[in-house]
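Undergrad: Structure file data-v3.cif (mmCIF, C-alpha atoms and all ligand atoms) is given on the next line.
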data_target
loop_
_atom_site.label_atom_id
_atom_site.label_comp_id
_atom_site.auth_asym_id
_atom_site.auth_seq_id
_atom_site.Cartn_x
_atom_site.Cartn_y
_atom_site.Cartn_z
CA MET N 1 123.81 129.98 139.34
CA ARG N 2 126.69 131.80 141.01
CA ASP N 3 128.80 134.47 139.41
CA LYS N 4 131.59 132.96 137.29
CA ASP N 5 134.29 134.93 139.18
CA ILE N 6 133.18 133.47 142.50
CA GLN N 7 133.20 129.99 141.00
CA HIS N 8 136.67 130.55 139.62
CA HIS N 9 137.95 131.82 142.94
CA GLN N 10 136.62 128.77 144.77
CA GLU N 11 137.85 126.32 142.18
CA SER N 12 140.45 123.88 143.42
CA VAL N 13 143.86 124.23 141.82
CA LEU N 14 144.51 120.55 142.42
CA PHE N 15 142.06 119.19 139.85
CA LYS N 16 141.70 120.52 136.32
CA ARG N 17 138.67 119.70 134.24
CA PHE N 18 139.18 118.19 130.80
CA LYS N 19 138.24 120.85 128.26
CA HIS N 20 135.98 118.53 126.27
CA ASN N 21 133.78 117.58 129.24
CA PRO N 22 131.39 115.86 129.40
CA VAL N 23 133.12 112.97 127.62
CA LEU N 24 130.27 110.46 127.67
CA THR N 25 126.63 111.45 127.37
CA PRO N 26 123.38 109.49 126.93
CA ALA N 27 123.16 110.73 123.33
CA MET N 28 126.42 108.91 122.48
CA TRP N 29 125.05 105.53 123.60
CA PRO N 30 124.52 102.85 120.93
CA TYR N 31 121.12 102.06 122.47
CA ARG N 32 118.39 104.12 124.14
CA VAL N 33 119.29 105.13 127.71
CA ASN N 34 118.37 107.81 130.21
CA SER N 35 121.76 108.59 131.75
CA VAL N 36 125.41 107.43 131.88
CA PHE N 37 127.40 108.16 135.04
CA ASN N 38 129.44 106.95 138.06
CA ALA N 39 131.82 104.70 136.08
CA GLY N 40 134.51 102.50 137.59
CA ALA N 41 137.89 102.75 135.84
CA THR N 42 140.97 100.63 135.28
CA VAL N 43 143.71 99.96 132.74
CA PHE N 44 143.08 96.83 130.70
CA GLY N 45 145.12 95.68 127.69
CA GLY N 46 147.01 99.00 127.69
CA LYS N 47 143.77 101.00 127.36
CA VAL N 48 141.58 102.84 129.83
CA LEU N 49 138.45 100.83 130.49
CA LEU N 50 135.35 102.28 132.13
CA LEU N 51 132.40 100.29 133.41
CA VAL N 52 129.77 102.98 133.14
CA ARG N 53 126.56 102.91 135.15
CA VAL N 54 123.79 103.22 132.61
CA GLU N 55 120.26 103.95 133.73
CA ASP N 56 117.76 102.61 131.24
CA MET N 57 114.38 104.09 130.35
CA ARG N 58 112.71 102.08 133.13
CA GLY N 59 115.00 103.64 135.76
CA ILE N 60 117.02 100.44 136.30
CA SER N 61 120.80 100.56 136.04
CA HIS N 62 123.27 98.14 134.42
CA LEU N 63 126.96 98.46 133.54
CA CYS N 64 128.34 99.10 130.07
CA LYS N 65 131.97 99.15 128.98
CA ALA N 66 133.65 102.11 127.28
CA VAL N 67 137.31 101.86 126.22
CA SER N 68 139.78 104.52 125.10
CA GLN N 69 143.43 104.33 124.08
CA ASP N 70 144.38 107.66 125.72
CA GLY N 71 141.72 107.74 128.43
CA TYR N 72 140.23 110.99 127.13
CA THR N 73 138.97 110.60 123.59
CA ASN N 74 137.58 108.15 121.02
CA TRP N 75 135.60 106.04 123.46
CA LYS N 76 134.45 102.72 122.03
CA ILE N 77 131.21 101.81 123.75
CA ASP N 78 129.87 98.23 123.84
CA SER N 79 126.90 97.95 121.50
CA GLU N 80 124.85 96.33 124.26
CA PRO N 81 124.95 96.13 128.08
CA THR N 82 128.10 94.45 129.46
CA LEU N 83 126.80 93.41 132.89
CA ILE N 84 123.07 93.35 133.58
CA PRO N 85 121.12 92.52 136.76
CA LYS N 86 120.63 88.76 136.91
CA THR N 87 117.37 87.15 138.00
CA ASP N 88 119.15 84.34 139.91
CA PHE N 89 120.69 87.09 142.07
CA PRO N 90 117.45 88.60 143.42
CA GLU N 91 119.32 91.33 145.28
CA GLU N 92 119.95 92.90 141.85
CA LYS N 93 116.22 93.28 141.20
CA PHE N 94 116.25 97.08 140.92
CA GLY N 95 119.62 97.37 139.20
CA ILE N 96 123.39 97.39 139.64
CA GLU N 97 125.21 100.67 140.22
CA ASP N 98 128.44 102.55 140.92
CA PRO N 99 131.21 99.95 140.34
CA ARG N 100 134.76 100.23 141.69
CA ILE N 101 137.35 98.15 139.84
CA VAL N 102 140.57 96.82 141.38
CA LYS N 103 143.08 94.39 139.91
CA LEU N 104 143.76 91.71 142.54
CA GLU N 105 147.51 91.30 142.13
CA SER N 106 147.81 87.74 143.48
CA GLU N 107 144.73 86.41 141.68
CA ASN N 108 145.38 87.84 138.22
CA THR N 109 141.76 88.91 138.06
CA TYR N 110 139.80 92.14 138.34
CA ALA N 111 137.37 92.62 141.20
CA VAL N 112 134.28 94.68 140.46
CA VAL N 113 132.53 95.78 143.65
CA TYR N 114 129.16 97.38 142.95
CA THR N 115 125.92 98.44 144.58
CA SER N 116 122.98 96.12 144.03
CA PHE N 117 119.60 97.72 144.53
CA SER N 118 117.60 95.04 146.34
CA GLU N 119 114.05 94.93 147.67
CA SER N 120 115.58 95.71 151.07
CA GLY N 121 117.66 98.64 149.81
CA PRO N 122 121.19 99.07 148.45
CA LEU N 123 123.87 96.52 149.33
CA VAL N 124 127.39 95.57 148.23
CA SER N 125 128.02 92.84 145.63
CA LEU N 126 131.24 91.43 144.18
CA ALA N 127 132.05 89.97 140.78
CA THR N 128 135.40 89.09 139.25
CA THR N 129 136.47 89.07 135.62
CA GLU N 130 139.54 88.36 133.56
CA ASP N 131 138.30 89.88 130.30
CA PHE N 132 135.40 92.26 131.07
CA ILE N 133 133.21 90.05 128.90
CA THR N 134 132.32 87.25 131.31
CA PHE N 135 131.94 87.85 135.05
CA ARG N 136 131.90 85.49 138.02
CA ARG N 137 129.46 86.66 140.67
CA TYR N 138 130.24 86.18 144.36
CA GLY N 139 126.86 87.68 145.31
CA VAL N 140 126.23 89.85 148.37
CA ILE N 141 129.26 90.75 150.50
CA MET N 142 127.63 93.43 152.69
CA PRO N 143 123.90 93.41 153.56
CA PRO N 144 121.65 96.47 153.18
CA ASP N 145 121.88 99.38 153.57
CA ASP N 146 125.45 99.59 152.37
CA LYS N 147 127.20 101.08 149.31
CA ASP N 148 130.27 103.02 148.06
CA ALA N 149 132.57 100.00 148.44
CA SER N 150 135.92 98.92 147.04
CA LEU N 151 138.52 96.27 147.69
CA PHE N 152 142.25 96.99 147.86
CA PRO N 153 144.49 95.28 145.28
CA ARG N 154 146.20 93.07 147.86
CA LYS N 155 145.76 91.46 151.25
CA PHE N 156 146.93 92.91 154.55
CA LYS N 157 148.39 90.27 156.88
CA GLY N 158 146.54 87.58 154.95
CA ARG N 159 143.17 89.33 154.85
CA TRP N 160 141.30 91.22 152.13
CA ALA N 161 140.15 94.71 153.12
CA LEU N 162 136.95 96.42 152.02
CA ILE N 163 136.03 100.06 152.34
CA HIS N 164 132.26 100.56 152.45
CA ARG N 165 129.52 102.82 153.76
CA PRO N 166 126.72 101.32 155.83
CA SER N 167 123.76 103.63 156.38
CA PRO N 168 122.52 104.21 159.89
CA THR N 169 118.84 104.14 160.80
CA SER N 170 118.96 107.92 161.07
CA TYR N 171 121.30 110.22 159.17
CA LEU N 172 121.52 112.33 162.33
CA LEU N 173 123.83 109.57 163.58
CA GLY N 174 126.06 110.12 160.52
CA ALA N 175 126.78 107.81 157.59
CA HIS N 176 130.49 107.09 158.01
CA ILE N 177 133.09 105.26 155.92
CA TRP N 178 133.88 101.83 157.38
CA MET N 179 136.53 99.18 156.79
CA SER N 180 136.10 95.41 157.11
CA PHE N 181 138.28 92.34 156.54
CA SER N 182 137.88 88.87 155.06
CA PRO N 183 140.10 85.79 154.66
CA ASP N 184 138.31 84.64 151.50
CA LEU N 185 136.26 87.53 150.00
CA LYS N 186 133.13 85.80 151.33
CA HIS N 187 133.11 86.02 155.12
CA TRP N 188 133.51 89.57 156.41
CA GLY N 189 134.10 90.96 159.88
CA ASP N 190 136.40 93.03 162.13
CA TYR N 191 134.30 96.08 161.24
CA SER N 192 135.45 99.57 162.23
CA ILE N 193 134.81 103.18 161.30
CA LEU N 194 137.59 104.51 159.07
CA LEU N 195 136.45 108.09 158.44
CA PRO N 196 133.54 109.63 160.31
CA ALA N 197 131.26 112.17 158.68
CA ARG N 198 131.72 115.59 160.24
CA ARG N 199 128.65 117.12 161.79
CA GLY N 200 127.08 120.54 161.84
CA SER N 201 127.72 122.85 158.92
CA TRP N 202 130.73 121.04 157.45
CA TRP N 203 130.82 120.29 153.70
CA ASP N 204 131.01 116.60 154.63
CA ALA N 205 128.46 116.63 157.42
CA TYR N 206 126.45 113.48 158.16
CA LYS N 207 126.98 111.55 154.92
CA ILE N 208 130.27 110.57 153.27
CA GLY N 209 131.35 107.69 151.02
CA LEU N 210 134.34 106.35 149.14
CA GLY N 211 134.86 107.73 145.65
CA PRO N 212 137.26 105.83 143.38
CA GLN N 213 139.20 102.71 144.36
CA PRO N 214 142.11 103.35 146.81
CA ILE N 215 145.18 104.74 145.03
CA GLU N 216 148.59 103.47 146.10
CA THR N 217 151.20 106.27 146.45
CA SER N 218 154.67 106.44 148.01
CA GLU N 219 153.15 108.04 151.14
CA GLY N 220 150.06 105.93 151.63
CA TRP N 221 146.73 104.92 150.10
CA LEU N 222 145.16 108.03 148.68
CA ILE N 223 141.40 108.15 149.21
CA ILE N 224 139.14 110.51 147.31
CA TYR N 225 135.77 110.57 149.05
CA HIS N 226 132.48 112.36 148.54
CA GLY N 227 130.85 114.41 151.24
CA VAL N 228 127.26 115.53 151.17
CA LYS N 229 125.95 118.78 152.51
CA THR N 230 122.19 119.06 152.67
CA THR N 231 120.84 122.52 152.05
CA ALA N 232 117.40 124.07 151.64
CA ALA N 233 117.94 123.73 147.89
CA GLY N 234 119.03 120.07 147.94
CA SER N 235 122.27 118.14 148.41
CA LEU N 236 125.78 119.19 147.32
CA TYR N 237 128.15 116.32 146.46
CA ARG N 238 131.77 117.47 146.80
CA LEU N 239 135.11 115.68 147.14
CA GLY N 240 137.74 115.52 149.85
CA LEU N 241 140.99 113.62 150.38
CA ALA N 242 142.46 111.25 152.94
CA LEU N 243 145.68 109.27 153.18
CA LEU N 244 145.84 105.80 154.79
CA ASP N 245 148.87 103.90 156.05
CA LEU N 246 150.28 101.58 153.38
CA GLU N 247 150.71 98.59 155.70
CA ASP N 248 147.70 99.17 157.96
CA PRO N 249 145.00 101.05 156.04
CA ARG N 250 142.92 101.44 159.23
CA LYS N 251 145.38 104.18 160.21
CA VAL N 252 144.32 107.56 158.78
CA ILE N 253 147.46 109.68 158.25
CA LYS N 254 145.76 112.77 156.81
CA ARG N 255 142.34 114.11 155.94
CA SER N 256 141.73 117.35 154.10
CA ALA N 257 139.73 119.95 155.98
CA GLU N 258 138.38 121.55 152.81
CA TRP N 259 136.71 120.01 149.82
CA VAL N 260 138.96 119.95 146.78
CA PHE N 261 136.41 119.54 143.99
CA GLY N 262 132.72 120.16 143.59
CA PRO N 263 129.95 121.06 141.19
CA ASN N 264 130.58 124.30 139.28
CA GLU N 265 130.19 123.69 135.57
CA ILE N 266 126.76 123.59 133.99
CA TYR N 267 126.91 119.81 133.35
CA GLU N 268 127.64 119.27 137.07
CA ARG N 269 124.94 121.65 138.27
CA VAL N 270 122.09 120.70 135.96
CA GLY N 271 120.91 117.15 135.29
CA ASP N 272 118.77 114.39 136.77
CA VAL N 273 120.26 115.13 140.19
CA PRO N 274 121.70 118.68 140.31
CA ASP N 275 125.00 119.58 142.00
CA VAL N 276 126.64 116.16 141.98
CA THR N 277 130.28 115.28 141.24
CA PHE N 278 130.63 111.55 141.92
CA PRO N 279 133.82 109.71 140.90
CA CYS N 280 134.02 105.91 141.14
CA GLY N 281 137.24 105.40 139.17
CA VAL N 282 140.74 106.72 138.64
CA VAL N 283 143.67 105.79 136.45
CA VAL N 284 147.21 106.85 137.39
CA LYS N 285 149.85 107.28 134.68
CA GLY N 286 153.15 108.33 136.29
CA ASP N 287 152.31 111.51 138.19
CA GLU N 288 149.05 112.09 136.32
CA LEU N 289 145.87 111.11 138.13
CA ILE N 290 142.88 110.92 135.80
CA MET N 291 139.61 111.01 137.70
CA TYR N 292 136.40 109.85 136.02
CA TYR N 293 133.28 111.23 137.61
CA GLY N 294 129.56 111.21 137.14
CA ALA N 295 128.18 114.72 136.66
CA SER N 296 124.68 115.40 138.03
CA ASP N 297 123.78 111.69 137.61
CA THR N 298 123.58 112.33 133.86
CA SER N 299 126.95 112.20 132.09
CA MET N 300 130.61 111.28 132.57
CA ALA N 301 133.38 113.86 132.93
CA ILE N 302 137.13 113.91 133.60
CA ALA N 303 139.37 115.95 135.89
CA THR N 304 143.12 115.49 136.25
CA ALA N 305 145.58 116.14 139.04
CA SER N 306 149.24 115.64 139.90
CA VAL N 307 149.76 112.94 142.54
CA LYS N 308 152.75 114.89 143.88
CA GLN N 309 150.70 118.08 144.22
CA ILE N 310 147.95 116.20 146.03
CA LEU N 311 150.45 114.73 148.51
CA ASP N 312 152.07 118.16 149.01
CA TYR N 313 148.62 119.63 149.62
CA LEU N 314 147.79 116.98 152.21
CA ASN N 315 151.11 117.58 153.96
CA HIS N 316 150.42 121.32 154.25
CA ASP N 317 146.68 121.35 154.67
CA LYS N 318 145.72 122.40 158.18
CA CYS N 319 143.31 119.71 159.25
C1 LIG U 401 124.25 108.55 146.01
C2 LIG U 401 124.42 107.36 145.09
C3 LIG U 401 124.97 107.78 143.73
C4 LIG U 401 124.36 109.06 143.21
C5 LIG U 401 124.29 110.11 144.29
C6 LIG U 401 123.61 111.38 143.83
O1 LIG U 401 123.53 108.16 147.15
O2 LIG U 401 123.21 106.71 144.93
O3 LIG U 401 124.74 106.73 142.82
O4 LIG U 401 125.17 109.53 142.15
O5 LIG U 401 123.58 109.60 145.39
O6 LIG U 401 122.30 111.15 143.40
#
Could you render the structure as structure tokens?
TA:
Amino acid sequence: MRDKDIQHHQESVLFKRFKHNPVLTPAMWPYRVNSVFNAGATVFGGKVLLLVRVEDMRGISHLCKAVSQDGYTNWKIDSEPTLIPKTDFPEEKFGIEDPRIVKLESENTYAVVYTSFSESGPLVSLATTEDFITFRRYGVIMPPDDKDASLFPRKFKGRWALIHRPSPTSYLLGAHIWMSFSPDLKHWGDYSILLPARRGSWWDAYKIGLGPQPIETSEGWLIIYHGVKTTAAGSLYRLGLALLDLEDPRKVIKRSAEWVFGPNEIYERVGDVPDVTFPCGVVVKGDELIMYYGASDTSMAIATASVKQILDYLNHDKC
């Protein structure tokens, strides 16, 4: 482990960790689980709602709801799984993972886009819900290998947009973030690369993926994404920023050169998968951005930031 002073020096000023991290741990679960991480987040009924990825003692993941009035404390966790892999959707055979939640403004429903772990590898599935109790499954929307996906809350020129991350046959080609469009949430096409992974020694070399759902700001869609650097000691999962045009999200306005958040605290550095910070959900209250992230594939933690400071940073960052 590195010297605390070095860690402090490298620490981003943009995001501040919640002092009571980690906020959700396997020991808090009402039933026996291995790990709780990579939760999607939204506001529902005036409360912060997380759909937490829970890995059971077989190694298979499902989603379980945790709700808090203030988004930080007193989490009420469902006494049993909220959304479990379904046998009539065979692509969910090895579990469902890493949800991103978006309220579809025109439909008055919440879209939950998640990774299904199929016999052919990870792929992207969609379900909708009005109450986070019952879910309507649309099934597969992107074939394997594909993951790290989210919808936007509204259509662009009559089409839904999806950010996702197909995996190439070789990581030497780079696993980039893509965007695709659909008229009906079922048929997808018009595929293009949105953000390429940077090569060589970059912090986001070869493999990147969307973090939380896109965040609408006055200056564009704010994207928090994870970048993976592979080292002799394993992979480092850190976070960077990008800003997309509000009307045409295929246009990238900004992309941070540096990572802005990464594993430093003990709960981020030690766990089932060390050195992972992996957010799948944010909630924005005024200027306060609350980011919910999985820490070392073991527990859930929170970091907060000011939306204004993030936008200022992106405007001054030399990319
Ligand atoms: C990624 C995803 C995440 C996981 C991360 C680190 O590929 O599978 O679910 O948190 O690896 O293990």
Undergrad: Write out as a Markdown table the residues of chain N that have any atom within 6 Å of an atom of ligand LIG 401 (chain U), one row each with the nearest atom pair and its distance in Å to one decimal, counting all atoms listed in the file, sorted by chain and then rising number.
TA:
| residue | atom | partner | partner_atom | distance |
| --- | --- | --- | --- | --- |
| N:Asp98 | CA | U:LIG401 | O3 | 5.9 |
| N:Val273 | CA | U:LIG401 | O6 | 5.5 |
| N:Val276 | CA | U:LIG401 | C6 | 6.0 |
| N:Phe278 | CA | U:LIG401 | O4 | 5.8 |
| N:Asp297 | CA | U:LIG401 | O4 | 5.2 |
Undergrad: Skipping near chain neighbours, those fewer than 5 positions away, what residues fall within 10 Å of Ser116 (chain N) using only C-alpha atoms, listed as a list of chain:residue names?
TA: N:Ser61, N:His62, N:Pro85, N:Phe89, N:Pro90, N:Glu91, N:Glu92, N:Lys93, N:Phe94, N:Gly95, N:Ile96, N:Glu97, N:Asp98, N:Pro99, N:Gly121, N:Pro122, N:Leu123, N:Val124, N:Ser125, N:Leu126, N:Gly139, N:Val140, N:Pro143, N:Pro144, N:Asp146, N:Lys147
Undergrad: Between CA of Thr25 (chain N) and CA of Asn38 (chain N), what distance in Å does the model show, to one decimal?
TA: 11.9 Å
Undergrad: Counting all atoms listed in the file, figure out which residue out of N:Val270, N:Cys280, N:Leu173, N:Leu195 gets nearest to Val102 (chain N).
TA: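 Distance minimum relative to Val102 (chain N) lands on N:Cys280.
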Undergrad: Hey, can you pull every residue with an atom no more than 9 Å from (135.4, 102.9, 153.0), using all atoms listed in the file, and send it as a list in words?
TA: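 Residues close enough to count: Asp148, Ala149, Ser150, Leu162, Ile163, His164, Arg165, His176, Ile177, Trp178, Met179, Ser180, Ile193, Leu194, Leu195, Gly209, Leu210, Gly211, Ile223 and Tyr225 of chain N.
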Undergrad: State, in Å with one decimal place, the distance from CA of Trp202 (chain N) to CA of Val260 (chain N).
TA: 13.5 Å
